[in-house]
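J.: My structure is in protein_19.csv, and what it holds is CSV, C-alpha atoms:
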```csv
chain,number,residue,atom,x,y,z
D,162,MET,CA,-8.5,-7.8,4.3
D,163,GLU,CA,-5.4,-6.1,5.6
D,164,TYR,CA,-2.6,-5.3,3.3
D,165,THR,CA,0.9,-4.1,4.3
D,166,ILE,CA,1.9,-0.8,2.9
D,167,VAL,CA,5.4,0.7,2.7
D,168,ILE,CA,5.6,4.4,3.3
D,169,GLU,CA,8.6,6.4,2.1
D,170,GLN,CA,9.2,10.1,2.9
D,171,THR,CA,10.6,12.0,-0.1
D,172,PRO,CA,11.9,15.6,-0.1
D,173,ARG,CA,8.5,16.9,-1.2
D,174,ASN,CA,5.8,14.4,0.2
D,175,PHE,CA,5.2,10.9,1.2
D,176,SER,CA,4.7,7.9,-1.2
D,177,ALA,CA,3.5,4.4,-0.5
D,178,TYR,CA,3.0,1.1,-2.2
D,179,ALA,CA,1.5,-2.3,-1.4
D,180,PRO,CA,4.0,-5.1,-2.0
D,181,ASP,CA,1.2,-7.7,-2.4
D,182,LEU,CA,-0.6,-5.5,-5.1
D,183,PRO,CA,2.0,-4.6,-7.8
D,184,GLY,CA,1.2,-1.2,-9.3
D,185,CYS,CA,-0.9,0.0,-6.4
D,186,VAL,CA,0.7,3.2,-5.3
D,187,ALA,CA,-0.3,6.6,-3.8
D,188,THR,CA,1.2,9.9,-2.7
D,189,GLY,CA,0.2,12.4,-0.1
D,190,ALA,CA,1.5,15.7,1.5
D,191,THR,CA,1.5,14.0,4.9
D,192,ARG,CA,1.9,10.5,6.3
D,193,ASP,CA,-1.8,10.4,7.3
D,194,GLU,CA,-2.8,11.6,3.9
D,195,VAL,CA,-0.8,8.9,2.1
D,196,VAL,CA,-2.4,6.3,4.3
D,197,ARG,CA,-5.9,7.5,3.4
D,198,GLU,CA,-4.9,7.6,-0.3
D,199,MET,CA,-3.5,4.1,-0.1
D,200,ARG,CA,-6.7,2.8,1.5
D,201,SER,CA,-8.6,4.2,-1.5
D,202,ALA,CA,-6.0,3.0,-4.0
D,203,ILE,CA,-6.2,-0.6,-2.6
D,204,ALA,CA,-10.0,-0.6,-2.7
D,205,PHE,CA,-9.9,0.6,-6.3
D,206,HIS,CA,-7.2,-1.8,-7.3
D,207,ILE,CA,-9.1,-4.8,-5.9
D,208,GLU,CA,-12.3,-3.6,-7.6
D,209,SER,CA,-10.5,-3.4,-10.9
D,210,LEU,CA,-9.0,-6.9,-10.5
D,211,ARG,CA,-12.4,-8.3,-9.8
D,212,GLU,CA,-14.0,-6.4,-12.8
D,213,HIS,CA,-11.4,-7.9,-15.1
D,214,ARG,CA,-11.8,-11.4,-13.5
D,215,GLU,CA,-8.2,-11.4,-12.4
D,216,PRO,CA,-7.2,-13.1,-9.1
D,217,VAL,CA,-7.0,-10.8,-6.0
D,218,PRO,CA,-3.7,-11.7,-4.2
D,219,ASP,CA,-4.1,-12.7,-0.6
D,220,PRO,CA,-2.2,-10.5,1.8
D,221,ARG,CA,1.1,-12.2,2.6
D,222,CYS,CA,3.6,-9.4,3.3
D,223,THR,CA,4.3,-8.3,6.8
D,224,ALA,CA,6.7,-5.6,8.2
D,225,THR,CA,8.6,-5.0,11.3
D,226,VAL,CA,11.1,-2.4,12.5
D,227,VAL,CA,14.6,-3.6,13.4
D,228,ASP,CA,16.6,-1.8,16.1
D,229,VAL,CA,20.2,-2.0,14.6
D,230,ALA,CA,21.7,-0.8,17.9
D,231,ALA,CA,20.4,-3.8,19.6
D,232,ALA,CA,21.9,-6.3,17.1
D,233,GLY,CA,25.2,-7.8,18.0
```
With the file now loaded, output its structure as structure tokens.

T.:
Amino acid sequence: MEYTIVIEQTPRNFSAYAPDLPGCVATGATRDEVVREMRSAIAFHIESLREHREPVPDPRCTATVVDVAAAG
């Protein structure tokens, strides 16, 4: 399965979350590191949901970049 993650740069590092998986978050010193950490976090989150016999949400979120200069 492929889940969308949102990556935010903070003054000290990068953080990320998966909108389809509430509570699934990670941080990393670099963008690449936070992506790796999110991959692990998502796998762990899904494993935990299954162990607790909770439903695993289907991926539904998508993302795109909008060029504001092109609008209007």

J.: Separation of CA of Phe205 (chain D) and CA of Ala224 (chain D), in Å?

T.: 22.9 Å

J.: Do you know which residues are at most 6 Å from Ser176 (chain D) counting all atoms listed in the file, after dropping those on the same chain fewer than 2 positions away, and could you put them as an mmCIF file with C-alpha atoms, in the frame of the given file?

T.:
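What ended up in result.cif:
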```cif
data_model
loop_
_atom_site.group_PDB
_atom_site.id
_atom_site.type_symbol
_atom_site.label_atom_id
_atom_site.label_comp_id
_atom_site.auth_asym_id
_atom_site.auth_seq_id
_atom_site.Cartn_x
_atom_site.Cartn_y
_atom_site.Cartn_z
ATOM 1 C CA ILE D 168 5.600 4.400 3.300
ATOM 2 C CA GLU D 169 8.600 6.400 2.100
ATOM 3 C CA ALA D 187 -0.300 6.600 -3.800
ATOM 4 C CA THR D 188 1.200 9.900 -2.700
#
```

J.: Under the rule that all atoms listed in the file are counted, which of D:Val167, D:Pro172, D:Val186, D:Ala179 is the nearest residue to Asp219 (chain D)?

T.: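 Closest residue, counting all atoms listed in the file: D:Ala179.
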
J.: State, in Å with one decimal place, the distance from CA of Ser209 (chain D) to CA of Leu182 (chain D).

T.: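 Answer for the CA of Ser209 (chain D) to CA of Leu182 (chain D) separation: 11.7 Å.
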
J.: So how far away is CA of Thr191 (chain D) from CA of Ile166 (chain D), in Å?

T.: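 The value is 14.9 Å.
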
J.: Find the residues around Gln170 (chain D) up to 12 Å (all atoms listed in the file counted), leave out those fewer than 5 positions away in its own chain, and share them as a list in words.

T.: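 Within the cut-off, the hits are Phe175, Ser176, Ala177, Thr188, Gly189, Ala190, Thr191, Arg192, Asp193 and Val195 of chain D.
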
J.: Which residues are close to Cys222 (chain D), i.e. within 7 Å by only C-alpha atoms, leaving aside same-chain residues fewer than 2 positions away? Reply as a ChimeraX atom specification.

T.: /D:165,180-181,220,224
